[in-house]
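*Asks:* Below is final_1.pdb; it holds PDB, C-alpha atoms and all ligand atoms.
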ATOM      1  CA  MET O   1       0.000   0.000   0.000  1.00  0.00           C
ATOM      2  CA  ARG O   2       1.364   3.378  -1.018  1.00  0.00           C
ATOM      3  CA  ILE O   3       0.501   6.397   1.106  1.00  0.00           C
ATOM      4  CA  VAL O   4       0.988  10.133   0.884  1.00  0.00           C
ATOM      5  CA  VAL O   5       0.927  11.893   4.258  1.00  0.00           C
ATOM      6  CA  LEU O   6      -0.172  15.524   4.584  1.00  0.00           C
ATOM      7  CA  VAL O   7       1.056  17.630   7.507  1.00  0.00           C
ATOM      8  CA  SER O   8       0.853  21.225   8.714  1.00  0.00           C
ATOM      9  CA  GLY O   9       2.902  21.105  11.868  1.00  0.00           C
ATOM     10  CA  THR O  10       5.327  19.111  13.944  1.00  0.00           C
ATOM     11  CA  GLY O  11       4.438  15.756  12.447  1.00  0.00           C
ATOM     12  CA  SER O  12       4.873  13.588  15.527  1.00  0.00           C
ATOM     13  CA  ASN O  13       2.110  11.285  14.283  1.00  0.00           C
ATOM     14  CA  LEU O  14       3.922  11.112  10.965  1.00  0.00           C
ATOM     15  CA  GLN O  15       7.133  10.242  12.834  1.00  0.00           C
ATOM     16  CA  ALA O  16       5.349   7.274  14.413  1.00  0.00           C
ATOM     17  CA  VAL O  17       4.394   6.074  10.924  1.00  0.00           C
ATOM     18  CA  ILE O  18       7.964   6.568   9.659  1.00  0.00           C
ATOM     19  CA  ASP O  19       9.359   4.649  12.647  1.00  0.00           C
ATOM     20  CA  ALA O  20       6.868   1.815  12.221  1.00  0.00           C
ATOM     21  CA  VAL O  21       7.762   1.499   8.531  1.00  0.00           C
ATOM     22  CA  LYS O  22      11.481   1.517   9.357  1.00  0.00           C
ATOM     23  CA  SER O  23      11.142  -1.138  12.041  1.00  0.00           C
ATOM     24  CA  GLY O  24       9.128  -3.358   9.707  1.00  0.00           C
ATOM     25  CA  GLU O  25       6.058  -3.203  11.939  1.00  0.00           C
ATOM     26  CA  LEU O  26       4.124  -1.389   9.217  1.00  0.00           C
ATOM     27  CA  ASP O  27       4.234  -2.673   5.658  1.00  0.00           C
ATOM     28  CA  VAL O  28       3.432   0.496   3.711  1.00  0.00           C
ATOM     29  CA  GLU O  29       5.424   2.685   1.374  1.00  0.00           C
ATOM     30  CA  ILE O  30       5.441   6.401   2.205  1.00  0.00           C
ATOM     31  CA  ALA O  31       5.531   7.736  -1.347  1.00  0.00           C
ATOM     32  CA  ALA O  32       5.753  11.362  -0.206  1.00  0.00           C
ATOM     33  CA  VAL O  33       4.980  13.813   2.586  1.00  0.00           C
ATOM     34  CA  GLY O  34       3.344  17.107   1.692  1.00  0.00           C
ATOM     35  CA  ALA O  35       2.568  20.313   3.560  1.00  0.00           C
ATOM     36  CA  ASP O  36       0.334  23.326   3.011  1.00  0.00           C
ATOM     37  CA  ARG O  37       2.989  25.742   4.244  1.00  0.00           C
ATOM     38  CA  PRO O  38       6.772  26.091   4.152  1.00  0.00           C
ATOM     39  CA  ASP O  39       9.102  25.259   7.031  1.00  0.00           C
ATOM     40  CA  THR O  40       7.124  22.593   8.850  1.00  0.00           C
ATOM     41  CA  TYR O  41       8.948  20.236  11.150  1.00  0.00           C
ATOM     42  CA  GLY O  42       6.940  17.431   9.560  1.00  0.00           C
ATOM     43  CA  VAL O  43       8.650  18.045   6.213  1.00  0.00           C
ATOM     44  CA  GLU O  44      12.030  18.394   7.920  1.00  0.00           C
ATOM     45  CA  ARG O  45      11.572  15.019   9.626  1.00  0.00           C
ATOM     46  CA  SER O  46      10.697  13.451   6.286  1.00  0.00           C
ATOM     47  CA  ASP O  47      13.702  14.981   4.571  1.00  0.00           C
ATOM     48  CA  GLU O  48      15.849  13.535   7.346  1.00  0.00           C
ATOM     49  CA  ALA O  49      14.252  10.137   6.812  1.00  0.00           C
ATOM     50  CA  GLY O  50      14.982  10.322   3.073  1.00  0.00           C
ATOM     51  CA  ILE O  51      11.312  10.581   2.099  1.00  0.00           C
ATOM     52  CA  GLU O  52      10.283  12.722  -0.853  1.00  0.00           C
ATOM     53  CA  THR O  53       8.569  15.943   0.246  1.00  0.00           C
ATOM     54  CA  PHE O  54       6.587  18.754  -1.336  1.00  0.00           C
ATOM     55  CA  VAL O  55       4.852  21.965  -0.324  1.00  0.00           C
ATOM     56  CA  VAL O  56       1.685  23.286  -1.957  1.00  0.00           C
ATOM     57  CA  ASN O  57       1.569  26.591  -0.109  1.00  0.00           C
ATOM     58  CA  PHE O  58      -2.001  27.645   0.667  1.00  0.00           C
ATOM     59  CA  ASN O  59      -0.948  31.287   0.746  1.00  0.00           C
ATOM     60  CA  SER O  60       0.483  31.219  -2.778  1.00  0.00           C
ATOM     61  CA  PHE O  61      -2.922  30.710  -4.381  1.00  0.00           C
ATOM     62  CA  GLU O  62      -5.633  33.263  -5.117  1.00  0.00           C
ATOM     63  CA  THR O  63      -8.459  30.928  -4.209  1.00  0.00           C
ATOM     64  CA  ARG O  64      -8.978  27.854  -2.064  1.00  0.00           C
ATOM     65  CA  ALA O  65     -10.248  25.992  -5.157  1.00  0.00           C
ATOM     66  CA  GLU O  66      -6.988  26.613  -7.038  1.00  0.00           C
ATOM     67  CA  TRP O  67      -4.939  25.453  -4.072  1.00  0.00           C
ATOM     68  CA  ASP O  68      -7.137  22.401  -3.653  1.00  0.00           C
ATOM     69  CA  SER O  69      -6.765  21.269  -7.259  1.00  0.00           C
ATOM     70  CA  ALA O  70      -3.006  21.946  -7.244  1.00  0.00           C
ATOM     71  CA  LEU O  71      -2.691  19.805  -4.118  1.00  0.00           C
ATOM     72  CA  ARG O  72      -4.880  17.101  -5.653  1.00  0.00           C
ATOM     73  CA  ASP O  73      -2.748  16.949  -8.798  1.00  0.00           C
ATOM     74  CA  LYS O  74       0.481  16.864  -6.810  1.00  0.00           C
ATOM     75  CA  VAL O  75      -0.743  14.069  -4.548  1.00  0.00           C
ATOM     76  CA  LEU O  76      -2.180  12.160  -7.534  1.00  0.00           C
ATOM     77  CA  SER O  77       1.257  12.207  -9.166  1.00  0.00           C
ATOM     78  CA  TYR O  78       2.450   9.820  -6.412  1.00  0.00           C
ATOM     79  CA  LYS O  79      -0.401   7.371  -7.142  1.00  0.00           C
ATOM     80  CA  PRO O  80      -1.203   6.660  -3.489  1.00  0.00           C
ATOM     81  CA  ASP O  81      -3.690   3.993  -2.404  1.00  0.00           C
ATOM     82  CA  VAL O  82      -4.483   6.052   0.692  1.00  0.00           C
ATOM     83  CA  VAL O  83      -3.911   9.718   1.589  1.00  0.00           C
ATOM     84  CA  VAL O  84      -3.337  10.446   5.284  1.00  0.00           C
ATOM     85  CA  SER O  85      -4.157  13.776   6.873  1.00  0.00           C
ATOM     86  CA  SER O  86      -1.906  13.774   9.935  1.00  0.00           C
ATOM     87  CA  GLY O  87      -2.145  17.087  11.714  1.00  0.00           C
ATOM     88  CA  PHE O  88      -3.039  18.625   8.348  1.00  0.00           C
ATOM     89  CA  MET O  89      -5.016  21.737   9.284  1.00  0.00           C
ATOM     90  CA  ARG O  90      -6.882  22.308   6.006  1.00  0.00           C
ATOM     91  CA  ILE O  91     -10.201  21.095   4.742  1.00  0.00           C
ATOM     92  CA  VAL O  92     -10.064  19.642   1.245  1.00  0.00           C
ATOM     93  CA  SER O  93     -12.929  19.488  -1.267  1.00  0.00           C
ATOM     94  CA  GLU O  94     -15.157  16.601  -2.236  1.00  0.00           C
ATOM     95  CA  ASP O  95     -13.441  16.701  -5.602  1.00  0.00           C
ATOM     96  CA  PHE O  96     -10.073  16.107  -3.905  1.00  0.00           C
ATOM     97  CA  ILE O  97     -11.385  13.166  -1.903  1.00  0.00           C
ATOM     98  CA  ASN O  98     -13.145  11.638  -4.922  1.00  0.00           C
ATOM     99  CA  ALA O  99      -9.866  11.745  -6.836  1.00  0.00           C
ATOM    100  CA  PHE O 100      -8.620   9.138  -4.330  1.00  0.00           C
ATOM    101  CA  ASP O 101     -11.859   7.117  -4.291  1.00  0.00           C
ATOM    102  CA  GLY O 102     -12.581   8.431  -0.817  1.00  0.00           C
ATOM    103  CA  LYS O 103      -9.408   6.876   0.600  1.00  0.00           C
ATOM    104  CA  TYR O 104      -8.581   9.869   2.755  1.00  0.00           C
ATOM    105  CA  VAL O 105      -7.804   9.116   6.401  1.00  0.00           C
ATOM    106  CA  ASN O 106      -7.787  11.759   9.117  1.00  0.00           C
ATOM    107  CA  THR O 107      -6.858  11.666  12.789  1.00  0.00           C
ATOM    108  CA  HIS O 108      -8.505  13.889  15.365  1.00  0.00           C
ATOM    109  CA  PRO O 109      -7.668  14.429  19.054  1.00  0.00           C
ATOM    110  CA  ALA O 110     -11.228  13.958  20.382  1.00  0.00           C
ATOM    111  CA  LEU O 111     -13.969  11.365  20.316  1.00  0.00           C
ATOM    112  CA  LEU O 112     -15.876  12.417  17.199  1.00  0.00           C
ATOM    113  CA  PRO O 113     -18.555  13.482  16.574  1.00  0.00           C
ATOM    114  CA  SER O 114     -17.819  15.447  19.761  1.00  0.00           C
ATOM    115  CA  PHE O 115     -15.437  18.385  19.548  1.00  0.00           C
ATOM    116  CA  PRO O 116     -14.549  18.609  15.843  1.00  0.00           C
ATOM    117  CA  GLY O 117     -12.425  21.475  14.554  1.00  0.00           C
ATOM    118  CA  ALA O 118      -8.987  22.904  15.200  1.00  0.00           C
ATOM    119  CA  HIS O 119      -9.335  22.955  19.011  1.00  0.00           C
ATOM    120  CA  GLY O 120     -10.689  19.508  19.856  1.00  0.00           C
ATOM    121  CA  VAL O 121      -8.652  19.198  23.052  1.00  0.00           C
ATOM    122  CA  ARG O 122      -9.346  22.729  24.280  1.00  0.00           C
ATOM    123  CA  ASP O 123     -13.056  22.456  23.518  1.00  0.00           C
ATOM    124  CA  ALA O 124     -13.381  19.118  25.337  1.00  0.00           C
ATOM    125  CA  MET O 125     -11.678  20.584  28.416  1.00  0.00           C
ATOM    126  CA  ALA O 126     -13.823  23.712  28.295  1.00  0.00           C
ATOM    127  CA  TYR O 127     -16.929  21.542  28.245  1.00  0.00           C
ATOM    128  CA  GLY O 128     -15.655  19.708  31.306  1.00  0.00           C
ATOM    129  CA  VAL O 129     -15.710  16.156  29.953  1.00  0.00           C
ATOM    130  CA  LYS O 130     -13.958  13.551  32.103  1.00  0.00           C
ATOM    131  CA  VAL O 131     -13.133  11.311  29.178  1.00  0.00           C
ATOM    132  CA  THR O 132     -12.014  12.329  25.705  1.00  0.00           C
ATOM    133  CA  GLY O 133      -9.723  10.537  23.269  1.00  0.00           C
ATOM    134  CA  CYS O 134      -8.884  10.277  19.624  1.00  0.00           C
ATOM    135  CA  THR O 135     -10.462   9.175  16.382  1.00  0.00           C
ATOM    136  CA  VAL O 136      -9.135   7.841  13.112  1.00  0.00           C
ATOM    137  CA  HIS O 137     -11.727   8.161  10.364  1.00  0.00           C
ATOM    138  CA  TRP O 138     -12.383   8.285   6.650  1.00  0.00           C
ATOM    139  CA  ALA O 139     -12.629  12.016   6.085  1.00  0.00           C
ATOM    140  CA  ASP O 140     -15.209  13.605   3.869  1.00  0.00           C
ATOM    141  CA  ALA O 141     -15.309  17.276   2.893  1.00  0.00           C
ATOM    142  CA  GLY O 142     -16.722  18.363   6.262  1.00  0.00           C
ATOM    143  CA  VAL O 143     -14.837  19.430   9.377  1.00  0.00           C
ATOM    144  CA  ASP O 144     -13.726  16.152  10.993  1.00  0.00           C
ATOM    145  CA  THR O 145     -16.706  14.214   9.633  1.00  0.00           C
ATOM    146  CA  GLY O 146     -16.878  10.849   7.880  1.00  0.00           C
ATOM    147  CA  PRO O 147     -17.069   7.164   8.863  1.00  0.00           C
ATOM    148  CA  ILE O 148     -15.121   6.241  11.989  1.00  0.00           C
ATOM    149  CA  ILE O 149     -12.454   3.549  11.642  1.00  0.00           C
ATOM    150  CA  ALA O 150     -11.013   3.484  15.181  1.00  0.00           C
ATOM    151  CA  GLN O 151     -11.378   5.343  18.458  1.00  0.00           C
ATOM    152  CA  GLU O 152      -9.818   5.150  21.880  1.00  0.00           C
ATOM    153  CA  ALA O 153     -10.679   6.926  25.093  1.00  0.00           C
ATOM    154  CA  VAL O 154      -8.251   8.975  27.205  1.00  0.00           C
ATOM    155  CA  ALA O 155      -9.160  10.164  30.720  1.00  0.00           C
ATOM    156  CA  VAL O 156      -8.994  13.863  31.544  1.00  0.00           C
ATOM    157  CA  LEU O 157      -6.994  14.231  34.782  1.00  0.00           C
ATOM    158  CA  PRO O 158      -7.834  16.898  37.393  1.00  0.00           C
ATOM    159  CA  ASN O 159      -4.633  18.882  36.848  1.00  0.00           C
ATOM    160  CA  ASP O 160      -4.473  18.565  33.084  1.00  0.00           C
ATOM    161  CA  SER O 161      -3.546  21.527  30.896  1.00  0.00           C
ATOM    162  CA  GLU O 162      -4.483  21.500  27.225  1.00  0.00           C
ATOM    163  CA  GLU O 163      -0.857  20.589  26.461  1.00  0.00           C
ATOM    164  CA  SER O 164      -0.573  17.725  28.952  1.00  0.00           C
ATOM    165  CA  LEU O 165      -3.871  16.227  27.828  1.00  0.00           C
ATOM    166  CA  HIS O 166      -3.025  16.618  24.139  1.00  0.00           C
ATOM    167  CA  GLU O 167       0.341  14.923  24.710  1.00  0.00           C
ATOM    168  CA  ARG O 168      -1.368  11.878  26.298  1.00  0.00           C
ATOM    169  CA  ILE O 169      -3.923  11.798  23.498  1.00  0.00           C
ATOM    170  CA  LYS O 170      -1.181  11.929  20.898  1.00  0.00           C
ATOM    171  CA  VAL O 171       0.539   8.878  22.407  1.00  0.00           C
ATOM    172  CA  VAL O 172      -2.675   6.929  21.788  1.00  0.00           C
ATOM    173  CA  GLU O 173      -3.318   8.651  18.448  1.00  0.00           C
ATOM    174  CA  ARG O 174       0.052   7.540  17.072  1.00  0.00           C
ATOM    175  CA  ARG O 175      -0.604   3.920  17.990  1.00  0.00           C
ATOM    176  CA  LEU O 176      -4.122   4.034  16.564  1.00  0.00           C
ATOM    177  CA  LEU O 177      -2.943   5.571  13.287  1.00  0.00           C
ATOM    178  CA  VAL O 178      -0.170   2.997  12.817  1.00  0.00           C
ATOM    179  CA  GLN O 179      -2.587   0.161  13.662  1.00  0.00           C
ATOM    180  CA  THR O 180      -5.217   1.509  11.260  1.00  0.00           C
ATOM    181  CA  LEU O 181      -2.724   1.762   8.421  1.00  0.00           C
ATOM    182  CA  ALA O 182      -1.496  -1.766   9.158  1.00  0.00           C
ATOM    183  CA  ASP O 183      -5.079  -3.043   9.049  1.00  0.00           C
ATOM    184  CA  LEU O 184      -5.778  -1.219   5.780  1.00  0.00           C
ATOM    185  CA  ALA O 185      -2.564  -2.549   4.246  1.00  0.00           C
ATOM    186  CA  ALA O 186      -3.490  -6.085   5.274  1.00  0.00           C
ATOM    187  CA  ALA O 187      -7.101  -5.864   4.060  1.00  0.00           C
ATOM    188  CA  PRO O 188      -7.886  -7.554   0.750  1.00  0.00           C
ATOM    189  CA  LYS O 189      -8.301  -4.988  -2.035  1.00  0.00           C
TER     190      LYS O 189
HETATM  191  C1  LIG X 201      -2.756  15.727  16.335  1.00  0.00           C
HETATM  192  O1  LIG X 201      -3.329  15.602  17.608  1.00  0.00           O
HETATM  193  C2  LIG X 201      -3.808  15.835  15.269  1.00  0.00           C
HETATM  194  O2  LIG X 201      -4.884  14.984  15.446  1.00  0.00           O
HETATM  195  C3  LIG X 201      -4.220  17.261  15.449  1.00  0.00           C
HETATM  196  O3  LIG X 201      -3.020  17.949  15.624  1.00  0.00           O
HETATM  197  C4  LIG X 201      -2.055  17.063  16.170  1.00  0.00           C
HETATM  198  C5  LIG X 201      -0.912  16.989  15.192  1.00  0.00           C
HETATM  199  O4  LIG X 201       0.235  16.609  15.806  1.00  0.00           O
HETATM  200  N1  LIG X 201      -5.031  17.717  14.372  1.00  0.00           N
HETATM  201  P1  LIG X 201       1.564  16.284  14.982  1.00  0.00           P
HETATM  202  O5  LIG X 201       1.725  17.364  13.928  1.00  0.00           O
HETATM  203  O6  LIG X 201       1.399  14.925  14.368  1.00  0.00           O
HETATM  204  O7  LIG X 201       2.647  16.322  16.010  1.00  0.00           O
END
Before anything else, please render the file you have as structure tokens.
Ligand code: GRF
*Replies:*
Amino acid sequence: MRIVVLVSGTGSNLQAVIDAVKSGELDVEIAAVGADRPDTYGVERSDEAGIETFVVNFNSFETRAEWDSALRDKVLSYKPDVVVSSGFMRIVSEDFINAFDGKYVNTHPALLPSFPGAHGVRDAMAYGVKVTGCTVHWADAGVDTGPIIAQEAVAVLPNDSEESLHERIKVVERRLLVQTLADLAAAPK
């Protein structure tokens, strides 16, 4: 199974995928890693790991639609079986997702459908939930919507800050993402 991973930030989830591929635990080929902005640590990590990288800079396009189709064409050029949005902070169009037959996986640091959006951890804490977690799902063109593949709960501790809780969620999120990709790679086509 060939994957292209999209990142916007530090790419620690991506690093877990890279490590699992390197150790042989995960039998997928990371065809490329792409970002929507320059200078992400996610791209730097990939460069260090010898993985091909690209940037389709959101801010270099006049319209979202132009950026979206440029990204689609770039990702298509790698012929991935699955595209992974791993801390990728942009919504893509239905057209983009259809170009990959809907094989677009996203991870989210909350138990969807609760707390979608860019601040899933902060919003869960503000609500006062005692349990949150993470979700790996097939993404559609909505904000963190689409069929759920895997979820796992993480307890909110009394002294948690957004950062401490997000860090614990990300530990689980990395495992869940690697496991999901392994399951997809092993599934009959
Ligand atoms: C993850 O929790 C992801 O679900 C969220 O942002 C975080 C990205 O972390 N959207 P990283 O870039 O993989 O370190």
*Asks:* Please check which residues have atoms at most 10 Å from (-6.9, 5.4, 26.0) in the file's coordinates, counting only C-alpha atoms, and write them as an mmCIF file with C-alpha atoms, in the frame of the given file.
*Replies:*
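Below is the file that was written, point-v3.cif:
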data_model
loop_
_atom_site.group_PDB
_atom_site.id
_atom_site.type_symbol
_atom_site.label_atom_id
_atom_site.label_comp_id
_atom_site.auth_asym_id
_atom_site.auth_seq_id
_atom_site.Cartn_x
_atom_site.Cartn_y
_atom_site.Cartn_z
ATOM 1 C CA VAL O 131 -13.133 11.311 29.178
ATOM 2 C CA THR O 132 -12.014 12.329 25.705
ATOM 3 C CA GLY O 133 -9.723 10.537 23.269
ATOM 4 C CA CYS O 134 -8.884 10.277 19.624
ATOM 5 C CA GLN O 151 -11.378 5.343 18.458
ATOM 6 C CA GLU O 152 -9.818 5.150 21.880
ATOM 7 C CA ALA O 153 -10.679 6.926 25.093
ATOM 8 C CA VAL O 154 -8.251 8.975 27.205
ATOM 9 C CA ALA O 155 -9.160 10.164 30.720
ATOM 10 C CA ARG O 168 -1.368 11.878 26.298
ATOM 11 C CA ILE O 169 -3.923 11.798 23.498
ATOM 12 C CA VAL O 171 0.539 8.878 22.407
ATOM 13 C CA VAL O 172 -2.675 6.929 21.788
ATOM 14 C CA GLU O 173 -3.318 8.651 18.448
ATOM 15 C CA LEU O 176 -4.122 4.034 16.564
#
*Asks:* Select, from O:Glu25, O:Glu162, O:Asp19, O:Asp36, the residue with the minimum atom-to-atom distance to O:Leu6, counting only C-alpha atoms.
*Replies:* O:Asp36
*Asks:* Please, which residues have at least one atom within 8 Å of an atom of ligand LIG 201 (chain X), using all atoms listed in the file, listed as a compact mmCIF listing (two decimals) with C-alpha atoms, in the frame of the given file?
*Replies:*
# COMPACT_ATOMS: atom_id res chain seq x y z
CA VAL O 7 1.06 17.63 7.51
CA SER O 8 0.85 21.22 8.71
CA GLY O 9 2.90 21.10 11.87
CA THR O 10 5.33 19.11 13.94
CA GLY O 11 4.44 15.76 12.45
CA SER O 12 4.87 13.59 15.53
CA ASN O 13 2.11 11.28 14.28
CA LEU O 14 3.92 11.11 10.96
CA GLN O 15 7.13 10.24 12.83
CA GLY O 42 6.94 17.43 9.56
CA SER O 86 -1.91 13.77 9.94
CA GLY O 87 -2.14 17.09 11.71
CA PHE O 88 -3.04 18.62 8.35
CA MET O 89 -5.02 21.74 9.28
CA ASN O 106 -7.79 11.76 9.12
CA THR O 107 -6.86 11.67 12.79
CA HIS O 108 -8.51 13.89 15.36
CA PRO O 109 -7.67 14.43 19.05
CA ALA O 118 -8.99 22.90 15.20
CA CYS O 134 -8.88 10.28 19.62
CA HIS O 166 -3.02 16.62 24.14
CA ILE O 169 -3.92 11.80 23.50
CA LYS O 170 -1.18 11.93 20.90
CA GLU O 173 -3.32 8.65 18.45
CA ARG O 174 0.05 7.54 17.07
*Asks:* Just the number, please: distance in Å from atom CA of O:Ser161 to atom CA of O:Thr135, one decimal.
*Replies:*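 Computing it gives 20.3 Å between the two atoms.
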*Asks:* Which one is closest to O:Asn59: O:Arg2, O:Lys130, O:Arg37, O:Lys189? Count only C-alpha atoms.
*Replies:*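 The answer is O:Arg37, which sits nearest to O:Asn59.
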*Asks:* Please report the interatomic distance between atom CA of O:Val56 and atom CA of O:Leu71 in Å with one decimal.
*Replies:*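 Going from atom CA of O:Val56 over to atom CA of O:Leu71 covers 6.0 Å.
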*Asks:* Using only C-alpha atoms for the distances, tell me which of O:Leu26, O:Val129, O:Leu76, O:Ala139 is nearest to O:Pro158.
*Replies:* O:Val129
*Asks:* Nearest to O:Asp47 among O:Tyr104, O:Ser93, O:Asp160, O:Gly34, with distances taken over only C-alpha atoms: which residue is it?
*Replies:* O:Gly34
*Asks:* Just checking: using only C-alpha atoms, which residue out of O:Val28, O:Ala110, O:Arg72, O:Ser77 ends up closest to O:Glu94?
*Replies:*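 Looking at the shortest contact to O:Glu94, the residue is O:Arg72.
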*Asks:* I need the residue nearest O:Gly120 from this list: O:Asp73, O:Asp183, O:Asp81, O:Glu163. Use all atoms listed in the file for the distance.
*Replies:*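 Nearest to O:Gly120: O:Glu163.
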*Asks:* I'd like to see the residues matched by the PyMOL selection byres (((chain O and resi 53) around 12) and not hetatm) on this file, and ideally I'd get them as a ChimeraX atom specification.
*Replies:* /O:4-7,30-52,54-56,74-75,78
*Asks:* What is the atom CA of O:Val84 to atom CA of O:Ile3 distance in Å?
*Replies:*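 We find that atom CA of O:Val84 and atom CA of O:Ile3 lie 7.0 Å from each other.
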*Asks:* Counting all atoms listed in the file, I want the residues whose atoms come within 8 Å of (-9.0, 25.2, -0.6) in the file frame, returned as a list in words.
*Replies:*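 Collected hits near the coordinates: Phe58, Thr63, Arg64, Ala65, Glu66, Trp67, Asp68, Arg90, Ile91, Val92 and Ser93 of chain O.
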*Asks:* Env of O:Ile148: 8 Å cut, atoms = all atoms listed in the file, seq-sep filter 6 positions within chain, self excluded. Answer as a count of residues only.
*Replies:* 4
*Asks:* Near O:Pro116, within 7 Å and counting all atoms listed in the file, which residues show up once chain neighbours fewer than 2 positions away are dropped, as a VMD selection string?
*Replies:* chain O and resid 112 to 114 120 143 to 144
*Asks:* Model the absent atoms of stretch 30-50 of chain O so that N, CA and C atoms are present, and write the result as a PDB file, in the frame of the given file.
*Replies:*
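Contents of the output file out_11.pdb:
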ATOM      1  N   ILE O  30       5.777   4.969   2.135  1.00  0.00           N
ATOM      2  CA  ILE O  30       5.441   6.401   2.205  1.00  0.00           C
ATOM      3  C   ILE O  30       5.990   7.030   0.925  1.00  0.00           C
ATOM      4  N   ALA O  31       5.083   7.240  -0.039  1.00  0.00           N
ATOM      5  CA  ALA O  31       5.531   7.736  -1.347  1.00  0.00           C
ATOM      6  C   ALA O  31       6.012   9.181  -1.234  1.00  0.00           C
ATOM      7  N   ALA O  32       5.359   9.964  -0.392  1.00  0.00           N
ATOM      8  CA  ALA O  32       5.753  11.362  -0.206  1.00  0.00           C
ATOM      9  C   ALA O  32       5.041  11.943   1.010  1.00  0.00           C
ATOM     10  N   VAL O  33       5.609  13.035   1.514  1.00  0.00           N
ATOM     11  CA  VAL O  33       4.980  13.813   2.586  1.00  0.00           C
ATOM     12  C   VAL O  33       4.813  15.234   2.058  1.00  0.00           C
ATOM     13  N   GLY O  34       3.604  15.771   2.202  1.00  0.00           N
ATOM     14  CA  GLY O  34       3.344  17.107   1.692  1.00  0.00           C
ATOM     15  C   GLY O  34       2.809  18.021   2.777  1.00  0.00           C
ATOM     16  N   ALA O  35       3.053  19.327   2.598  1.00  0.00           N
ATOM     17  CA  ALA O  35       2.568  20.313   3.560  1.00  0.00           C
ATOM     18  C   ALA O  35       1.876  21.460   2.825  1.00  0.00           C
ATOM     19  N   ASP O  36       1.061  22.177   3.568  1.00  0.00           N
ATOM     20  CA  ASP O  36       0.334  23.326   3.011  1.00  0.00           C
ATOM     21  C   ASP O  36       1.053  24.634   3.287  1.00  0.00           C
ATOM     22  N   ARG O  37       2.223  24.533   3.917  1.00  0.00           N
ATOM     23  CA  ARG O  37       2.989  25.742   4.244  1.00  0.00           C
ATOM     24  C   ARG O  37       4.472  25.383   4.289  1.00  0.00           C
ATOM     25  N   PRO O  38       5.339  26.386   4.104  1.00  0.00           N
ATOM     26  CA  PRO O  38       6.772  26.091   4.152  1.00  0.00           C
ATOM     27  C   PRO O  38       7.251  25.907   5.592  1.00  0.00           C
ATOM     28  N   ASP O  39       8.410  25.328   5.735  1.00  0.00           N
ATOM     29  CA  ASP O  39       9.102  25.259   7.031  1.00  0.00           C
ATOM     30  C   ASP O  39       8.347  24.501   8.120  1.00  0.00           C
ATOM     31  N   THR O  40       7.736  23.407   7.783  1.00  0.00           N
ATOM     32  CA  THR O  40       7.124  22.593   8.850  1.00  0.00           C
ATOM     33  C   THR O  40       8.143  21.565   9.325  1.00  0.00           C
ATOM     34  N   TYR O  41       8.045  21.242  10.605  1.00  0.00           N
ATOM     35  CA  TYR O  41       8.948  20.236  11.150  1.00  0.00           C
ATOM     36  C   TYR O  41       8.611  18.867  10.555  1.00  0.00           C
ATOM     37  N   GLY O  42       7.349  18.693  10.182  1.00  0.00           N
ATOM     38  CA  GLY O  42       6.940  17.431   9.560  1.00  0.00           C
ATOM     39  C   GLY O  42       7.711  17.158   8.271  1.00  0.00           C
ATOM     40  N   VAL O  43       7.894  18.196   7.455  1.00  0.00           N
ATOM     41  CA  VAL O  43       8.650  18.045   6.213  1.00  0.00           C
ATOM     42  C   VAL O  43      10.126  17.832   6.526  1.00  0.00           C
ATOM     43  N   GLU O  44      10.617  18.557   7.537  1.00  0.00           N
ATOM     44  CA  GLU O  44      12.030  18.394   7.920  1.00  0.00           C
ATOM     45  C   GLU O  44      12.305  16.950   8.364  1.00  0.00           C
ATOM     46  N   ARG O  45      11.409  16.418   9.178  1.00  0.00           N
ATOM     47  CA  ARG O  45      11.572  15.019   9.626  1.00  0.00           C
ATOM     48  C   ARG O  45      11.645  14.071   8.436  1.00  0.00           C
ATOM     49  N   SER O  46      10.773  14.344   7.442  1.00  0.00           N
ATOM     50  CA  SER O  46      10.697  13.451   6.286  1.00  0.00           C
ATOM     51  C   SER O  46      11.961  13.558   5.447  1.00  0.00           C
ATOM     52  N   ASP O  47      12.439  14.793   5.292  1.00  0.00           N
ATOM     53  CA  ASP O  47      13.702  14.981   4.571  1.00  0.00           C
ATOM     54  C   ASP O  47      14.803  14.173   5.257  1.00  0.00           C
ATOM     55  N   GLU O  48      14.822  14.268   6.581  1.00  0.00           N
ATOM     56  CA  GLU O  48      15.849  13.535   7.346  1.00  0.00           C
ATOM     57  C   GLU O  48      15.719  12.029   7.153  1.00  0.00           C
ATOM     58  N   ALA O  49      14.476  11.578   6.975  1.00  0.00           N
ATOM     59  CA  ALA O  49      14.252  10.137   6.812  1.00  0.00           C
ATOM     60  C   ALA O  49      14.420   9.705   5.351  1.00  0.00           C
ATOM     61  N   GLY O  50      14.768  10.668   4.477  1.00  0.00           N
ATOM     62  CA  GLY O  50      14.982  10.322   3.073  1.00  0.00           C
ATOM     63  C   GLY O  50      13.697  10.123   2.287  1.00  0.00           C
TER      64      GLY O  50
END
